[in-house]
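Since the structure comes first, as structure tokens, the remarks are kept for the end.
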Amino acid sequence: MIIVGAGGHAREVFNELRLDKQHVTAFYDEVNEHPLGIFGVPALSDFHKLPKSKFVLGVGKPELRKALYQRFIAYHDPASVISPTAQISTYHVELGEGLNVMHGVFIGPNVRIGSGTLINAKSSIHHDSRVGSFCEICLGVLIAGACTIGESVFIGMGAMVLPGIHIGDRAVIGAGAVVTKDVPADVTVKGIPAQ
């Protein structure tokens, strides 16, 4: 397994893979050199020297997740990281490819999550919600029932999205925000209530 990225989130992904007894063959980091590797695993910066293997995303930002996913999928198969501590309903849940579902996540029944999305530790997505592809849902986010989250949305740490809310593509929700009304595409909101 290749972890695409080598920063803090990539190391957390590594930890989840090790807990699930998955073997990591390399980290990929085209920005920084890691001559000694990371946790004893090679960290390579040359895309063409990567071993033929499945890949998982180990970065956060939605636009970066999407760009790296599209680059890697041409040569490698995507894999998801799903923490053994995540609680995912067995009733009508659809999970896309290349997800990061981290420690302590809750996903309720009749939820659909698009490819390449990161759901960080202790976050919850409740019944009948839809989350688009390549979103970053930060630590401790609560998405209540029947919400629709567009593609490439960023939801900051500890934010709350109230029931039935629609958030448009590429919107940004600030940390700790309480979203009480719909958010259009490409808009940033913050605060309580989010504005």
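Naming works like this for the structure tokens: A, B, ... for the chains as they're shown, residue 1 at the start of each chain, ligands 1 onward in shown order.
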Test item: residues at most 7 Å from region 2-12 of chain A, only C-alpha atoms, excluding those fewer than 5 positions along its chain, as a JSON list (two decimals) with C-alpha atoms, in the first residue's frame:
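Below is the file that was written, selection.json:
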[["chain", "number", "residue", "atom", "x", "y", "z"],
["A", 24, "VAL", "CA", 2.63, -0.02, 3.78],
["A", 25, "THR", "CA", 5.30, -0.19, 1.06],
["A", 26, "ALA", "CA", 5.98, 3.55, 0.61],
["A", 27, "PHE", "CA", 4.99, 7.11, 1.37],
["A", 28, "TYR", "CA", 4.85, 9.54, -1.56],
["A", 29, "ASP", "CA", 5.91, 13.16, -1.03],
["A", 53, "SER", "CA", 0.51, -1.19, -5.34],
["A", 54, "LYS", "CA", -2.82, 0.16, -4.17],
["A", 55, "PHE", "CA", -2.81, 3.72, -2.84],
["A", 56, "VAL", "CA", -4.56, 5.60, -0.06],
["A", 57, "LEU", "CA", -4.76, 9.35, 0.31],
["A", 58, "GLY", "CA", -2.84, 10.79, 3.23],
["A", 59, "VAL", "CA", -3.53, 14.50, 2.72]]
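The protein and nucleic acid residues lying at most 12 Å from Gly168 (chain A) are Arg130, Val131, Gly132, Cys135, Cys147, Thr148, Ile149, Gly150, Glu151, Ser152, Val153, Phe154, Ile155, Ile173, Lys181, Asp182, Val183, Pro184, Ala185, Asp186, Val187, Thr188 and Val189 of chain A, with only C-alpha atoms considered and sequence neighbours fewer than 5 positions away removed.
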Let's have the selection written as a PDB file, in the first residue's frame, with C-alpha atoms.
ATOM      1  CA  ARG A 130     -25.264  12.608   1.366  1.00  0.00           C
ATOM      2  CA  VAL A 131     -21.607  13.680   1.283  1.00  0.00           C
ATOM      3  CA  GLY A 132     -19.920  14.402  -2.052  1.00  0.00           C
ATOM      4  CA  CYS A 135     -14.549  16.513   1.029  1.00  0.00           C
ATOM      5  CA  CYS A 147     -28.089  16.811   5.089  1.00  0.00           C
ATOM      6  CA  THR A 148     -26.585  17.159   1.620  1.00  0.00           C
ATOM      7  CA  ILE A 149     -22.911  18.102   1.413  1.00  0.00           C
ATOM      8  CA  GLY A 150     -21.577  18.928  -2.076  1.00  0.00           C
ATOM      9  CA  GLU A 151     -18.235  17.977  -3.593  1.00  0.00           C
ATOM     10  CA  SER A 152     -14.875  19.286  -2.361  1.00  0.00           C
ATOM     11  CA  VAL A 153     -16.419  20.853   0.757  1.00  0.00           C
ATOM     12  CA  PHE A 154     -14.249  21.665   3.785  1.00  0.00           C
ATOM     13  CA  ILE A 155     -15.923  21.466   7.216  1.00  0.00           C
ATOM     14  CA  ILE A 173     -17.388  25.863   6.936  1.00  0.00           C
ATOM     15  CA  LYS A 181     -29.320  27.435   6.932  1.00  0.00           C
ATOM     16  CA  ASP A 182     -28.236  26.313   3.470  1.00  0.00           C
ATOM     17  CA  VAL A 183     -24.787  27.369   2.215  1.00  0.00           C
ATOM     18  CA  PRO A 184     -24.342  28.086  -1.519  1.00  0.00           C
ATOM     19  CA  ALA A 185     -21.445  26.730  -3.572  1.00  0.00           C
ATOM     20  CA  ASP A 186     -18.053  28.479  -3.246  1.00  0.00           C
ATOM     21  CA  VAL A 187     -19.063  30.384  -0.079  1.00  0.00           C
ATOM     22  CA  THR A 188     -17.204  30.508   3.268  1.00  0.00           C
ATOM     23  CA  VAL A 189     -19.211  30.704   6.496  1.00  0.00           C
TER      24      VAL A 189
END
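In this comparison, which uses only C-alpha atoms, the residue of A:Gly98, A:Gly104, A:Pro62, A:Pro109 approaching Glu136 (chain A) most closely is A:Pro62.
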Enumerate, in order of chain and increasing residue number, the residues of region 58-101 of chain A with an atom no farther than 10 Å from region 31-48 of chain A, each with its shortest atom pair and distance in Å to one decimal, counting only C-alpha atoms, as a tab-separated table.
residue	atom	partner	partner_atom	distance
A:Arg71	CA	A:Phe47	CA	9.8
A:Phe72	CA	A:Phe47	CA	9.0
A:Tyr75	CA	A:His48	CA	9.7
All strand (DSSP E) positions in region 85-121 of chain A, as a compact mmCIF listing (two decimals) with N, CA and C atoms, in the first residue's frame:
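What ended up in selection_10.txt:
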# COMPACT_ATOMS: atom_id res chain seq x y z
N GLN A 87 -17.82 3.20 13.55
CA GLN A 87 -19.11 2.52 13.65
C GLN A 87 -19.93 2.92 12.42
N ILE A 88 -20.10 1.97 11.50
CA ILE A 88 -20.80 2.23 10.24
C ILE A 88 -22.04 1.34 10.19
N GLU A 94 -23.67 3.60 1.39
CA GLU A 94 -22.86 3.51 0.17
C GLU A 94 -21.58 4.31 0.38
N LEU A 95 -20.44 3.63 0.28
CA LEU A 95 -19.14 4.27 0.47
C LEU A 95 -18.37 4.25 -0.84
N ASN A 100 -10.96 8.01 3.65
CA ASN A 100 -10.30 7.92 4.96
C ASN A 100 -11.40 8.05 5.99
N VAL A 101 -11.71 6.98 6.68
CA VAL A 101 -12.70 6.99 7.76
C VAL A 101 -11.92 6.69 9.03
N PHE A 106 -18.73 7.87 13.32
CA PHE A 106 -20.05 7.24 13.26
C PHE A 106 -20.70 7.59 11.93
N ILE A 107 -21.20 6.58 11.23
CA ILE A 107 -21.96 6.78 9.99
C ILE A 107 -23.27 6.03 10.14
N ARG A 112 -24.80 8.13 2.06
CA ARG A 112 -23.95 7.92 0.88
C ARG A 112 -22.78 8.89 0.95
N ILE A 113 -21.57 8.37 0.75
CA ILE A 113 -20.35 9.18 0.79
C ILE A 113 -19.58 8.95 -0.51
N LEU A 118 -12.41 12.51 3.19
CA LEU A 118 -11.79 12.28 4.49
C LEU A 118 -12.80 12.62 5.58
N ILE A 119 -13.09 11.64 6.43
CA ILE A 119 -13.93 11.86 7.61
C ILE A 119 -13.03 11.63 8.80
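Nearest to Val172 (chain A) of all the residues A:Asn15, A:Ala79, A:Ser123, A:Lys61 is A:Lys61, based on only C-alpha atoms.
Rounded to one decimal, CA of Ala175 (chain A) and CA of Gly114 (chain A) lie 22.2 Å from each other.
Shortest separation to Ala194 (chain A) among A:Met160, A:Asp169, A:Leu142, A:Ser89 occurs at residue A:Met160, atoms counted being only C-alpha atoms.
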- Task: Could you give me the residues within region 3-187 of chain A that DSSP places in alpha helix (DSSP H), as JSON, numbers by chain?
- Result: {"A": [8, 9, 10, 11, 12, 13, 14, 15, 16, 17, 18, 19, 62, 63, 64, 65, 66, 67, 68, 69, 70, 71, 72, 73]}
- Message: Show me, as a VMD selection string, the residues that have an atom within 9 Å of Ile143 (chain A) when counting only C-alpha atoms, minus same-chain residues fewer than 2 positions from it.
- Response: chain A and resid 123 to 126 129 141 145 to 147 159 to 163
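Minimum atom-to-atom distances from A:Ile73, A:Ile137, A:Met102, A:Val111 to Leu19 (chain A) were compared using only C-alpha atoms, and the lowest value belongs to A:Met102.
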